[in-house]
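**Q** One structure, as C-alpha cells, below. Some questions next.
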Amino acid sequence: MAQELGTLAQQTADRLAEQQVGVVVAAVAEDVVEIRGAGSTGADHSRAPGPGTLFEIGSVTKPFTALALARLVSAGTVGLDEPLGDLLPDGTAVPSRDGRQISLQHLATHTSGLPRLPRGMLLQALLRPSKPDPYADCTADALLSGLARTRLGATPGKSFRYSNLGAGLLGLALARRAGTEYETLITREICAPLGMTDTVVTVDGTRSGRSAQGHSRRGRPAAAWHLADLAGAGGLRSTATDLVAFVRAQLDGGPAGLAEAIRLSRAVEHRTSPFAWVHLGWMAHRLHPRQGAHLQIWHNGGTGGFSSFVGFDPEKRLAVIALGNTQRPVDGPAFDLLRTLQTEHAAKRD
C-alpha cells in the first residue's frame, strides 16, 4: 500500500512541478502517509522541497479559524449565534440587513452578506494591480472603520457569498474574546494539541531557512504576503507534515479536546446546491453517482506567490495535500489524486 501510495503522490508532484517552481504532495490512506516533493524551494538556500518546507497556505487558513471558533464554542467562550458586534470594541458599527445581525456562524460559513474584500480594496487593486503585499494595511483600525461603511449584499444567513473580509473579522473577533493574538490563539487551540510546530503567521529563526520562495504565475520571485489583522482569512504558513497532522485529526477525530470541536464544525451545514454545501470553514460536495458518489471536503488557497489544497474523505479516511510555491493553482491534480484514491479504495472494498 505504501509503495503504491508513494507512487501516486510522486506522479502528482511531478505533474504539478510542470507549472510550479516547487511542490510537495501528501497522500493519506487510512494509517499510511506518503509525502513527495518535486522542483525547488527557489530561495537562496534552494533545494528540493520536502515535508518540512514552509509554504504560505493562503485560504487554507480559514478551516483553522473556523475550528478555533468551534473550540471556543465547545468551551462556552463564545456562541455560534453570537453577534459579531459583541466581540468587537464598544461603539463599532456592524452592518445588518432586514433586521438580522451578522453572527459568528455566518462568518465561518460565508453567509454574512459581507463583500469579498474590505472596503476600498477592490479600487486599490484596480489602481495598483502590481502591489506586492495587498493586505498589509488591513489593521484592526482600518478594518473596523471600513466595516462601519460597508453595506451587506444579502441578508445574513440567507446565501453563500465567499468573503475574505468575513473570515478575517472572525479571526480578529475570536482573538479579542480570547484575550490574545490570532497566531497565539491558533497555536493554543489547534497546533499544540496536535503537535504541529510549524504552522505560524510569523516566520523567523530556523524556519526562515526552511521557507520556500514564492513565485508569480510566470515564475518570477514574488514578495511574501502579510495579512495584518486579516490573518484569519489567509495569513498562516505551514508544512506538509503539519497539515497531515491537521487532516488526520479531521479523519480520526483528534485528541479529546479537539474531537468535539471537529464534530461541531461538520455538524453545521449551509447548502449551496443539491450536491454541495459548506461546513464551518470547509467546502464540501458529493460527486455524481457516475463518478462514485464520493464525499469530498476541501479548501484551497492562493497568495501572490503560493497555492495550496487540502481535501479529504472522512468516510474512507483518505486525504490529499498539495503545496506549491507558484501562484498557479494546484487544485486540478490534487482533486484528481483524491478521486483516484477514493476509486481505488472502493474497488478494493468490492
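By convention here, the chains of the C-alpha cells are called A, B, ... in the order presented, each chain's residues are numbered starting at 1, and ligands are numbered starting at 1 in the order presented.
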What's around segment 292-294 of chain A at 8 Å? Count only C-alpha atoms, leave out sequence neighbours fewer than 3 positions away in its own chain, and write the answer as an MDAnalysis selection string.

**A** chainID A and resid 286:289 313 339 342:343

**Q** Mind dumping the selected residues with all heavy atoms as an mmCIF file, in the first residue's frame?

**A**
data_model
loop_
_atom_site.group_PDB
_atom_site.id
_atom_site.type_symbol
_atom_site.label_atom_id
_atom_site.label_comp_id
_atom_site.auth_asym_id
_atom_site.auth_seq_id
_atom_site.Cartn_x
_atom_site.Cartn_y
_atom_site.Cartn_z
ATOM 1 N N ARG A 286 -20.626 16.126 -2.898
ATOM 2 C CA ARG A 286 -20.640 14.700 -3.188
ATOM 3 C C ARG A 286 -20.666 14.540 -4.703
ATOM 4 O O ARG A 286 -21.494 15.155 -5.384
ATOM 5 C CB ARG A 286 -21.832 14.006 -2.540
ATOM 6 C CG ARG A 286 -21.701 12.480 -2.553
ATOM 7 C CD ARG A 286 -22.775 11.825 -1.710
ATOM 8 N NE ARG A 286 -22.574 11.983 -0.285
ATOM 9 C CZ ARG A 286 -21.759 11.229 0.447
ATOM 10 N NH1 ARG A 286 -21.030 10.281 -0.134
ATOM 11 N NH2 ARG A 286 -21.656 11.415 1.752
ATOM 12 N N LEU A 287 -19.742 13.741 -5.203
ATOM 13 C CA LEU A 287 -19.642 13.553 -6.639
ATOM 14 C C LEU A 287 -20.886 12.867 -7.189
ATOM 15 O O LEU A 287 -21.615 12.182 -6.467
ATOM 16 C CB LEU A 287 -18.396 12.730 -6.978
ATOM 17 C CG LEU A 287 -17.042 13.335 -6.582
ATOM 18 C CD1 LEU A 287 -15.914 12.392 -6.960
ATOM 19 C CD2 LEU A 287 -16.839 14.693 -7.242
ATOM 20 N N HIS A 288 -21.108 13.053 -8.471
ATOM 21 C CA HIS A 288 -22.228 12.408 -9.141
ATOM 22 C C HIS A 288 -22.101 10.891 -9.000
ATOM 23 O O HIS A 288 -20.984 10.354 -8.985
ATOM 24 C CB HIS A 288 -22.220 12.807 -10.628
ATOM 25 C CG HIS A 288 -23.470 12.432 -11.347
ATOM 26 N ND1 HIS A 288 -23.690 11.168 -11.840
ATOM 27 C CD2 HIS A 288 -24.587 13.168 -11.656
ATOM 28 C CE1 HIS A 288 -24.875 11.125 -12.428
ATOM 29 N NE2 HIS A 288 -25.436 12.319 -12.334
ATOM 30 N N PRO A 289 -23.217 10.180 -8.892
ATOM 31 C CA PRO A 289 -23.141 8.710 -8.781
ATOM 32 C C PRO A 289 -22.307 8.053 -9.876
ATOM 33 O O PRO A 289 -21.642 7.035 -9.625
ATOM 34 C CB PRO A 289 -24.613 8.288 -8.880
ATOM 35 C CG PRO A 289 -25.358 9.451 -8.287
ATOM 36 C CD PRO A 289 -24.597 10.674 -8.725
ATOM 37 N N ASP A 313 -11.728 12.686 2.591
ATOM 38 C CA ASP A 313 -12.955 11.908 2.605
ATOM 39 C C ASP A 313 -13.029 11.213 3.956
ATOM 40 O O ASP A 313 -12.341 10.213 4.176
ATOM 41 C CB ASP A 313 -12.945 10.884 1.468
ATOM 42 C CG ASP A 313 -14.202 10.013 1.439
ATOM 43 O OD1 ASP A 313 -14.948 9.988 2.433
ATOM 44 O OD2 ASP A 313 -14.419 9.321 0.418
ATOM 45 N N ARG A 339 -9.684 11.741 -6.005
ATOM 46 C CA ARG A 339 -10.676 10.888 -6.643
ATOM 47 C C ARG A 339 -10.091 9.515 -6.984
ATOM 48 O O ARG A 339 -10.767 8.483 -6.855
ATOM 49 C CB ARG A 339 -11.222 11.568 -7.906
ATOM 50 C CG ARG A 339 -12.410 10.835 -8.514
ATOM 51 C CD ARG A 339 -13.170 11.710 -9.504
ATOM 52 N NE ARG A 339 -12.328 12.185 -10.585
ATOM 53 C CZ ARG A 339 -11.956 13.458 -10.732
ATOM 54 N NH1 ARG A 339 -12.351 14.375 -9.864
ATOM 55 N NH2 ARG A 339 -11.217 13.823 -11.759
ATOM 56 N N GLN A 342 -10.050 7.510 -3.846
ATOM 57 C CA GLN A 342 -11.409 7.093 -3.498
ATOM 58 C C GLN A 342 -11.870 5.940 -4.379
ATOM 59 O O GLN A 342 -12.483 4.981 -3.896
ATOM 60 C CB GLN A 342 -12.360 8.279 -3.636
ATOM 61 C CG GLN A 342 -12.138 9.362 -2.592
ATOM 62 C CD GLN A 342 -12.986 10.593 -2.853
ATOM 63 O OE1 GLN A 342 -13.015 11.113 -3.972
ATOM 64 N NE2 GLN A 342 -13.674 11.074 -1.827
ATOM 65 N N THR A 343 -11.583 6.019 -5.676
ATOM 66 C CA THR A 343 -11.993 4.971 -6.605
ATOM 67 C C THR A 343 -11.290 3.659 -6.291
ATOM 68 O O THR A 343 -11.909 2.585 -6.289
ATOM 69 C CB THR A 343 -11.702 5.403 -8.048
ATOM 70 O OG1 THR A 343 -12.418 6.609 -8.338
ATOM 71 C CG2 THR A 343 -12.125 4.330 -9.031
#

**Q** As a short mmCIF file (atom, residue, chain, number, x, y, z; two decimals) with all heavy atoms, in the first residue's frame, please: all residues of segment 152-262 of chain A that backbone DSSP puts in helix (DSSP H, G or I).

**A**
data_model
loop_
_atom_site.label_atom_id
_atom_site.label_comp_id
_atom_site.auth_asym_id
_atom_site.auth_seq_id
_atom_site.Cartn_x
_atom_site.Cartn_y
_atom_site.Cartn_z
N ASN A 164 -13.35 37.01 2.18
CA ASN A 164 -12.11 37.11 2.94
C ASN A 164 -12.28 38.07 4.12
O ASN A 164 -11.74 37.85 5.21
CB ASN A 164 -10.97 37.60 2.05
CG ASN A 164 -10.44 36.53 1.13
OD1 ASN A 164 -10.38 35.37 1.48
ND2 ASN A 164 -10.07 36.93 -0.08
N LEU A 165 -13.04 39.12 3.91
CA LEU A 165 -13.30 40.08 4.98
C LEU A 165 -13.98 39.38 6.15
O LEU A 165 -13.59 39.56 7.31
CB LEU A 165 -14.17 41.22 4.46
CG LEU A 165 -14.69 42.22 5.52
CD1 LEU A 165 -13.53 42.88 6.25
CD2 LEU A 165 -15.60 43.25 4.87
N GLY A 166 -15.00 38.58 5.87
CA GLY A 166 -15.72 37.90 6.93
C GLY A 166 -14.83 36.95 7.72
O GLY A 166 -14.87 36.92 8.96
N ALA A 167 -14.02 36.16 7.02
CA ALA A 167 -13.13 35.21 7.70
C ALA A 167 -12.08 35.95 8.53
O ALA A 167 -11.73 35.53 9.64
CB ALA A 167 -12.47 34.30 6.69
N GLY A 168 -11.58 37.05 7.99
CA GLY A 168 -10.60 37.83 8.73
C GLY A 168 -11.18 38.46 9.97
O GLY A 168 -10.56 38.48 11.04
N LEU A 169 -12.41 38.97 9.86
CA LEU A 169 -13.08 39.54 11.02
C LEU A 169 -13.35 38.48 12.08
O LEU A 169 -13.27 38.75 13.29
CB LEU A 169 -14.38 40.21 10.61
CG LEU A 169 -14.25 41.53 9.84
CD1 LEU A 169 -15.61 41.96 9.30
CD2 LEU A 169 -13.68 42.63 10.74
N LEU A 170 -13.66 37.26 11.65
CA LEU A 170 -13.86 36.17 12.60
C LEU A 170 -12.59 35.91 13.40
O LEU A 170 -12.64 35.79 14.63
CB LEU A 170 -14.30 34.90 11.86
CG LEU A 170 -14.50 33.66 12.74
CD1 LEU A 170 -15.58 33.90 13.79
CD2 LEU A 170 -14.85 32.46 11.87
N GLY A 171 -11.45 35.83 12.72
CA GLY A 171 -10.19 35.62 13.42
C GLY A 171 -9.88 36.74 14.39
O GLY A 171 -9.44 36.51 15.53
N LEU A 172 -10.13 37.97 13.96
CA LEU A 172 -9.89 39.14 14.80
C LEU A 172 -10.79 39.11 16.03
O LEU A 172 -10.35 39.34 17.17
CB LEU A 172 -10.13 40.41 13.99
CG LEU A 172 -10.07 41.75 14.73
CD1 LEU A 172 -8.67 42.00 15.28
CD2 LEU A 172 -10.47 42.89 13.79
N ALA A 173 -12.07 38.80 15.82
CA ALA A 173 -13.04 38.80 16.91
C ALA A 173 -12.74 37.70 17.92
O ALA A 173 -12.81 37.91 19.14
CB ALA A 173 -14.45 38.63 16.34
N LEU A 174 -12.39 36.50 17.44
CA LEU A 174 -12.10 35.39 18.34
C LEU A 174 -10.86 35.69 19.19
O LEU A 174 -10.84 35.38 20.40
CB LEU A 174 -11.90 34.11 17.55
CG LEU A 174 -13.12 33.55 16.82
CD1 LEU A 174 -12.73 32.33 16.02
CD2 LEU A 174 -14.25 33.22 17.79
N ALA A 175 -9.85 36.26 18.56
CA ALA A 175 -8.64 36.60 19.31
C ALA A 175 -8.93 37.63 20.39
O ALA A 175 -8.42 37.53 21.51
CB ALA A 175 -7.56 37.11 18.35
N ARG A 176 -9.78 38.61 20.07
CA ARG A 176 -10.16 39.61 21.08
C ARG A 176 -10.88 38.96 22.25
O ARG A 176 -10.59 39.23 23.41
CB ARG A 176 -11.04 40.69 20.45
CG ARG A 176 -10.29 41.74 19.65
CD ARG A 176 -11.26 42.84 19.20
NE ARG A 176 -12.04 43.36 20.31
CZ ARG A 176 -11.61 44.30 21.16
NH1 ARG A 176 -10.40 44.82 21.01
NH2 ARG A 176 -12.38 44.72 22.14
N ARG A 177 -11.83 38.09 21.97
CA ARG A 177 -12.59 37.44 23.04
C ARG A 177 -11.66 36.55 23.89
O ARG A 177 -11.83 36.46 25.11
CB ARG A 177 -13.73 36.60 22.45
CG ARG A 177 -14.50 35.76 23.46
CD ARG A 177 -15.17 36.59 24.56
NE ARG A 177 -16.16 37.53 24.06
CZ ARG A 177 -17.44 37.22 23.82
NH1 ARG A 177 -17.88 35.99 24.01
NH2 ARG A 177 -18.27 38.16 23.38
N ALA A 178 -10.68 35.91 23.24
CA ALA A 178 -9.75 35.04 23.96
C ALA A 178 -8.65 35.82 24.67
O ALA A 178 -7.86 35.23 25.42
CB ALA A 178 -9.13 34.03 23.00
N TYR A 182 -4.14 36.46 17.13
CA TYR A 182 -4.63 35.36 16.30
C TYR A 182 -3.64 34.19 16.27
O TYR A 182 -4.04 33.03 16.45
CB TYR A 182 -4.89 35.86 14.88
CG TYR A 182 -5.30 34.74 13.93
CD1 TYR A 182 -6.59 34.24 13.96
CD2 TYR A 182 -4.39 34.19 13.04
CE1 TYR A 182 -6.97 33.20 13.12
CE2 TYR A 182 -4.75 33.15 12.21
CZ TYR A 182 -6.04 32.66 12.25
OH TYR A 182 -6.41 31.62 11.42
N GLU A 183 -2.37 34.46 16.04
CA GLU A 183 -1.39 33.38 15.95
C GLU A 183 -1.34 32.56 17.24
O GLU A 183 -1.31 31.32 17.21
CB GLU A 183 -0.01 33.94 15.63
CG GLU A 183 1.07 32.87 15.47
CD GLU A 183 2.39 33.46 15.02
OE1 GLU A 183 2.69 34.62 15.40
OE2 GLU A 183 3.13 32.78 14.30
N THR A 184 -1.36 33.24 18.38
CA THR A 184 -1.33 32.55 19.66
C THR A 184 -2.59 31.71 19.86
O THR A 184 -2.55 30.59 20.39
CB THR A 184 -1.19 33.57 20.80
OG1 THR A 184 0.01 34.32 20.61
CG2 THR A 184 -1.13 32.87 22.16
N LEU A 185 -3.73 32.24 19.43
CA LEU A 185 -4.99 31.51 19.53
C LEU A 185 -4.93 30.20 18.76
O LEU A 185 -5.31 29.14 19.27
CB LEU A 185 -6.13 32.38 19.00
CG LEU A 185 -7.51 31.71 18.93
CD1 LEU A 185 -8.06 31.47 20.32
CD2 LEU A 185 -8.47 32.57 18.10
N ILE A 186 -4.44 30.25 17.52
CA ILE A 186 -4.36 29.05 16.69
C ILE A 186 -3.36 28.05 17.27
O ILE A 186 -3.61 26.84 17.28
CB ILE A 186 -3.98 29.42 15.24
CG1 ILE A 186 -5.07 30.31 14.61
CG2 ILE A 186 -3.76 28.16 14.40
CD1 ILE A 186 -6.44 29.68 14.59
N THR A 187 -2.24 28.55 17.76
CA THR A 187 -1.26 27.66 18.37
C THR A 187 -1.85 26.96 19.58
O THR A 187 -1.72 25.73 19.74
CB THR A 187 -0.01 28.46 18.79
OG1 THR A 187 0.59 29.03 17.62
CG2 THR A 187 1.01 27.56 19.49
N ARG A 188 -2.50 27.72 20.44
CA ARG A 188 -3.04 27.17 21.69
C ARG A 188 -4.18 26.19 21.45
O ARG A 188 -4.23 25.11 22.06
CB ARG A 188 -3.52 28.33 22.57
CG ARG A 188 -4.01 27.89 23.95
CD ARG A 188 -4.50 29.10 24.73
NE ARG A 188 -5.80 29.57 24.25
CZ ARG A 188 -6.30 30.76 24.53
NH1 ARG A 188 -5.59 31.63 25.25
NH2 ARG A 188 -7.50 31.11 24.09
N GLU A 189 -5.12 26.55 20.57
CA GLU A 189 -6.33 25.76 20.42
C GLU A 189 -6.19 24.59 19.45
O GLU A 189 -6.92 23.61 19.57
CB GLU A 189 -7.49 26.67 19.97
CG GLU A 189 -7.82 27.79 20.92
CD GLU A 189 -8.34 27.29 22.26
OE1 GLU A 189 -8.87 26.15 22.32
OE2 GLU A 189 -8.23 28.03 23.25
N ILE A 190 -5.27 24.68 18.50
CA ILE A 190 -5.19 23.66 17.45
C ILE A 190 -3.80 23.04 17.33
O ILE A 190 -3.64 21.82 17.43
CB ILE A 190 -5.60 24.25 16.08
CG1 ILE A 190 -7.04 24.78 16.16
CG2 ILE A 190 -5.47 23.21 14.98
CD1 ILE A 190 -7.48 25.56 14.95
N CYS A 191 -2.80 23.88 17.14
CA CYS A 191 -1.47 23.34 16.82
C CYS A 191 -0.84 22.59 17.99
O CYS A 191 -0.30 21.49 17.80
CB CYS A 191 -0.55 24.47 16.35
SG CYS A 191 -1.13 25.27 14.84
N ALA A 192 -0.88 23.15 19.17
CA ALA A 192 -0.26 22.49 20.32
C ALA A 192 -0.89 21.14 20.61
O ALA A 192 -0.17 20.14 20.80
CB ALA A 192 -0.31 23.40 21.55
N PRO A 193 -2.22 21.02 20.65
CA PRO A 193 -2.81 19.69 20.90
C PRO A 193 -2.46 18.66 19.84
O PRO A 193 -2.44 17.46 20.13
CB PRO A 193 -4.32 19.98 20.90
CG PRO A 193 -4.45 21.42 21.23
CD PRO A 193 -3.25 22.08 20.61
N LEU A 194 -2.19 19.10 18.61
CA LEU A 194 -1.89 18.17 17.52
C LEU A 194 -0.40 18.01 17.27
O LEU A 194 0.01 17.31 16.34
CB LEU A 194 -2.57 18.64 16.23
CG LEU A 194 -4.11 18.60 16.25
CD1 LEU A 194 -4.67 19.14 14.94
CD2 LEU A 194 -4.61 17.17 16.49
N GLY A 205 13.64 32.69 12.85
CA GLY A 205 14.56 31.68 13.32
C GLY A 205 14.88 30.64 12.26
O GLY A 205 15.03 30.95 11.08
N THR A 206 14.94 29.38 12.68
CA THR A 206 15.31 28.31 11.76
C THR A 206 14.27 28.09 10.67
O THR A 206 14.59 27.52 9.62
CB THR A 206 15.53 27.00 12.53
OG1 THR A 206 14.31 26.65 13.21
CG2 THR A 206 16.65 27.15 13.56
N ARG A 207 13.03 28.52 10.91
CA ARG A 207 12.00 28.33 9.89
C ARG A 207 12.32 29.14 8.63
O ARG A 207 11.91 28.76 7.53
CB ARG A 207 10.63 28.74 10.43
CG ARG A 207 10.11 27.85 11.54
CD ARG A 207 8.65 28.16 11.82
NE ARG A 207 8.17 27.45 13.01
CZ ARG A 207 8.10 27.98 14.21
NH1 ARG A 207 8.47 29.24 14.40
NH2 ARG A 207 7.65 27.28 15.23
N SER A 208 13.01 30.25 8.77
CA SER A 208 13.35 31.06 7.60
C SER A 208 14.16 30.25 6.60
O SER A 208 13.97 30.37 5.38
CB SER A 208 14.12 32.31 8.03
OG SER A 208 13.33 33.13 8.87
N GLY A 209 15.05 29.43 7.09
CA GLY A 209 15.88 28.63 6.20
C GLY A 209 15.15 27.47 5.57
O GLY A 209 15.66 26.84 4.64
N ARG A 210 13.93 27.18 6.08
CA ARG A 210 13.13 26.09 5.50
C ARG A 210 11.94 26.62 4.72
O ARG A 210 11.07 25.84 4.32
CB ARG A 210 12.64 25.15 6.62
CG ARG A 210 13.75 24.37 7.29
CD ARG A 210 13.21 23.32 8.26
NE ARG A 210 12.68 23.91 9.49
CZ ARG A 210 11.41 23.87 9.86
NH1 ARG A 210 10.50 23.31 9.07
NH2 ARG A 210 11.02 24.41 11.01
N ALA A 228 -1.76 41.21 8.19
CA ALA A 228 -2.02 42.07 9.36
C ALA A 228 -3.15 41.48 10.20
O ALA A 228 -3.11 40.29 10.52
CB ALA A 228 -2.31 43.50 8.90
N ASP A 229 -4.18 42.27 10.51
CA ASP A 229 -5.26 41.77 11.36
C ASP A 229 -6.34 41.03 10.59
O ASP A 229 -7.36 40.65 11.16
CB ASP A 229 -5.87 42.93 12.15
CG ASP A 229 -4.93 43.43 13.24
OD1 ASP A 229 -4.40 42.59 13.99
OD2 ASP A 229 -4.72 44.66 13.33
N LEU A 230 -6.12 40.81 9.29
CA LEU A 230 -7.00 39.96 8.49
C LEU A 230 -6.42 38.55 8.39
O LEU A 230 -6.84 37.75 7.55
CB LEU A 230 -7.18 40.56 7.09
CG LEU A 230 -8.45 40.15 6.32
CD1 LEU A 230 -9.68 40.78 6.95
CD2 LEU A 230 -8.34 40.54 4.85
N ALA A 231 -5.47 38.22 9.27
CA ALA A 231 -4.74 36.94 9.19
C ALA A 231 -5.66 35.74 9.19
O ALA A 231 -5.35 34.72 8.56
CB ALA A 231 -3.74 36.84 10.35
N GLY A 232 -6.80 35.82 9.85
CA GLY A 232 -7.72 34.69 9.90
C GLY A 232 -8.26 34.27 8.56
O GLY A 232 -8.80 33.16 8.41
N ALA A 233 -8.11 35.12 7.55
CA ALA A 233 -8.58 34.79 6.20
C ALA A 233 -7.53 34.06 5.38
O ALA A 233 -7.87 33.37 4.42
CB ALA A 233 -8.99 36.06 5.47
N ALA A 240 3.87 20.38 4.94
CA ALA A 240 3.10 19.17 4.67
C ALA A 240 2.97 18.31 5.92
O ALA A 240 1.91 17.73 6.18
CB ALA A 240 3.76 18.39 3.54
N THR A 241 4.02 18.23 6.71
CA THR A 241 3.98 17.43 7.93
C THR A 241 2.90 17.94 8.88
O THR A 241 2.10 17.16 9.43
CB THR A 241 5.35 17.46 8.64
OG1 THR A 241 6.31 16.83 7.80
CG2 THR A 241 5.29 16.74 9.97
N ASP A 242 2.84 19.25 9.10
CA ASP A 242 1.83 19.81 9.99
C ASP A 242 0.42 19.62 9.42
O ASP A 242 -0.52 19.29 10.16
CB ASP A 242 2.09 21.30 10.21
CG ASP A 242 2.92 21.56 11.46
OD1 ASP A 242 3.58 20.62 11.95
OD2 ASP A 242 2.93 22.72 11.93
N LEU A 243 0.26 19.82 8.13
CA LEU A 243 -1.07 19.69 7.54
C LEU A 243 -1.55 18.25 7.54
O LEU A 243 -2.76 17.99 7.61
CB LEU A 243 -1.08 20.28 6.13
CG LEU A 243 -0.93 21.80 6.09
CD1 LEU A 243 -0.83 22.30 4.65
CD2 LEU A 243 -2.11 22.50 6.79
N VAL A 244 -0.63 17.30 7.46
CA VAL A 244 -1.02 15.89 7.62
C VAL A 244 -1.60 15.68 9.02
O VAL A 244 -2.62 15.02 9.19
CB VAL A 244 0.17 14.95 7.37
CG1 VAL A 244 -0.14 13.54 7.88
CG2 VAL A 244 0.49 14.89 5.87
N ALA A 245 -0.95 16.24 10.04
CA ALA A 245 -1.47 16.12 11.40
C ALA A 245 -2.86 16.76 11.51
O ALA A 245 -3.76 16.21 12.17
CB ALA A 245 -0.51 16.78 12.39
N PHE A 246 -3.04 17.89 10.86
CA PHE A 246 -4.33 18.59 10.88
C PHE A 246 -5.41 17.75 10.22
O PHE A 246 -6.52 17.59 10.76
CB PHE A 246 -4.18 19.94 10.18
CG PHE A 246 -5.41 20.80 10.20
CD1 PHE A 246 -5.92 21.28 11.39
CD2 PHE A 246 -6.05 21.15 9.02
CE1 PHE A 246 -7.05 22.09 11.43
CE2 PHE A 246 -7.18 21.96 9.03
CZ PHE A 246 -7.68 22.43 10.24
N VAL A 247 -5.10 17.18 9.07
CA VAL A 247 -6.12 16.43 8.34
C VAL A 247 -6.35 15.07 8.98
O VAL A 247 -7.48 14.53 8.93
CB VAL A 247 -5.74 16.31 6.85
CG1 VAL A 247 -4.73 15.19 6.60
CG2 VAL A 247 -6.97 16.11 5.98
N ARG A 248 -5.34 14.49 9.61
CA ARG A 248 -5.55 13.23 10.31
C ARG A 248 -6.55 13.42 11.46
O ARG A 248 -7.35 12.53 11.76
CB ARG A 248 -4.22 12.69 10.85
CG ARG A 248 -3.28 12.14 9.78
CD ARG A 248 -3.85 10.92 9.10
NE ARG A 248 -3.96 9.78 10.00
CZ ARG A 248 -3.02 8.86 10.16
NH1 ARG A 248 -1.88 8.96 9.49
NH2 ARG A 248 -3.21 7.86 10.96
N ALA A 249 -6.50 14.58 12.11
CA ALA A 249 -7.48 14.87 13.15
C ALA A 249 -8.89 14.95 12.55
O ALA A 249 -9.86 14.53 13.18
CB ALA A 249 -7.13 16.17 13.86
N GLN A 250 -9.00 15.47 11.33
CA GLN A 250 -10.29 15.52 10.66
C GLN A 250 -10.80 14.11 10.35
O GLN A 250 -12.02 13.85 10.38
CB GLN A 250 -10.18 16.32 9.36
CG GLN A 250 -9.80 17.78 9.54
CD GLN A 250 -10.89 18.61 10.17
OE1 GLN A 250 -12.08 18.32 10.03
NE2 GLN A 250 -10.50 19.65 10.88
N LEU A 251 -9.89 13.20 10.05
CA LEU A 251 -10.28 11.83 9.71
C LEU A 251 -10.55 10.99 10.95
O LEU A 251 -11.46 10.16 10.96
CB LEU A 251 -9.18 11.17 8.88
CG LEU A 251 -8.84 11.81 7.53
CD1 LEU A 251 -7.69 11.07 6.87
CD2 LEU A 251 -10.06 11.84 6.62
N ASP A 252 -9.74 11.18 11.99
CA ASP A 252 -9.78 10.30 13.16
C ASP A 252 -10.45 10.92 14.37
O ASP A 252 -10.67 10.24 15.37
CB ASP A 252 -8.36 9.87 13.55
CG ASP A 252 -7.64 9.15 12.41
OD1 ASP A 252 -8.34 8.54 11.57
OD2 ASP A 252 -6.41 9.20 12.36
N ALA A 256 -9.08 14.31 22.62
CA ALA A 256 -10.39 14.56 23.24
C ALA A 256 -10.80 16.03 23.17
O ALA A 256 -11.95 16.35 22.88
CB ALA A 256 -10.37 14.08 24.68
N GLY A 257 -9.87 16.93 23.42
CA GLY A 257 -10.21 18.34 23.44
C GLY A 257 -10.63 18.89 22.09
O GLY A 257 -11.37 19.87 22.01
N LEU A 258 -10.16 18.27 21.00
CA LEU A 258 -10.48 18.75 19.66
C LEU A 258 -11.63 17.99 19.02
O LEU A 258 -12.29 18.49 18.11
CB LEU A 258 -9.25 18.64 18.75
CG LEU A 258 -8.29 19.83 18.72
CD1 LEU A 258 -7.06 19.47 17.89
CD2 LEU A 258 -8.96 21.05 18.14
N ALA A 259 -11.86 16.76 19.46
CA ALA A 259 -12.84 15.91 18.80
C ALA A 259 -14.23 16.54 18.77
O ALA A 259 -14.92 16.52 17.74
CB ALA A 259 -12.88 14.54 19.48
N GLU A 260 -14.65 17.12 19.90
CA GLU A 260 -15.96 17.74 19.96
C GLU A 260 -16.05 18.92 19.00
O GLU A 260 -17.07 19.12 18.32
CB GLU A 260 -16.26 18.20 21.39
CG GLU A 260 -17.64 18.84 21.54
CD GLU A 260 -17.92 19.31 22.95
OE1 GLU A 260 -17.11 19.03 23.85
OE2 GLU A 260 -18.96 19.97 23.15
N ALA A 261 -14.98 19.70 18.92
CA ALA A 261 -14.97 20.86 18.03
C ALA A 261 -15.01 20.42 16.57
O ALA A 261 -15.69 21.06 15.74
CB ALA A 261 -13.73 21.71 18.29
N ILE A 262 -14.30 19.36 16.23
CA ILE A 262 -14.32 18.87 14.85
C ILE A 262 -15.72 18.37 14.48
O ILE A 262 -16.23 18.64 13.39
CB ILE A 262 -13.26 17.77 14.65
CG1 ILE A 262 -11.86 18.39 14.72
CG2 ILE A 262 -13.46 17.03 13.33
CD1 ILE A 262 -10.73 17.37 14.76
#

**Q** How far is it from atom CA of Thr180 of chain A to atom CA of Gly76 of chain A, in Å with one decimal?

**A**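 Distance between the two atoms: 16.9 Å.
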
**Q** Please, what distance in Å, to one decimal, runs between atom CA of Phe275 of chain A and atom CA of Gln291 of chain A?

**A**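 Calculated distance between atom CA of Phe275 of chain A and atom CA of Gln291 of chain A is 12.8 Å.
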
**Q** Which residues are near segment 58-62 of chain A? Cut-off 10 Å, only C-alpha atoms, ignore same chain within fewer than 5 positions. Put them as a ChimeraX atom specification.

**A** /A:67-68,108,164,167-168,170-171,186,199,201,225,227,231-238,243,280-282,298-310

**Q** Point out the residue among A:Leu84, A:Ala347, A:Leu114, A:Ala224 with the least atom-to-atom distance to Arg149 of chain A, counting only C-alpha atoms.

**A**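 Of all the options, A:Leu114 lies closest to Arg149 of chain A.
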
**Q** Could you tell me which of A:Ala267, A:Met283, A:Leu122, A:Val203 comes closest to Tyr162 of chain A if we count only C-alpha atoms?

**A**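 Checking each candidate against Tyr162 of chain A, we get A:Met283 as the closest.
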
**Q** Report as a tab-separated table the residues of segment 157-229 of chain A within 9 Å of segment 321-329 of chain A, each with its shortest atom pair and distance in Å (one decimal), using only C-alpha atoms, ordered by chain and increasing residue number.

**A**
residue	atom	partner	partner_atom	distance
A:Ala212	CA	A:Asn325	CA	6.4
A:Gln213	CA	A:Asn325	CA	6.4
A:Gly214	CA	A:Asn325	CA	4.8
A:His215	CA	A:Thr326	CA	4.5
A:Ser216	CA	A:Gln327	CA	5.2
A:Arg217	CA	A:Gln327	CA	5.1
A:Arg218	CA	A:Thr326	CA	8.4
A:Gly219	CA	A:Thr326	CA	6.7
A:Arg220	CA	A:Thr326	CA	8.7
A:Pro221	CA	A:Thr326	CA	8.8
A:Ala222	CA	A:Thr326	CA	8.6

**Q** Between A:Ala148, A:Leu338, A:Arg263, A:Phe312, which residue has the minimum interatomic distance to Val73 of chain A, considering only C-alpha atoms?

**A**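 Using only C-alpha atoms, the shortest distance to Val73 of chain A belongs to A:Arg263.
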
**Q** Using DSSP on the backbone, list every residue of segment 17-196 of chain A that comes out as strand (DSSP E or B), and give them as number ranges by chain.

**A** A: 22-29, 32-39, 54-56, 83, 97, 100, 103

**Q** To one decimal place, how far is atom CA of Asp98 of chain A from atom CA of Arg151 of chain A in Å?

**A**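 Calculated distance between atom CA of Asp98 of chain A and atom CA of Arg151 of chain A is 11.9 Å.
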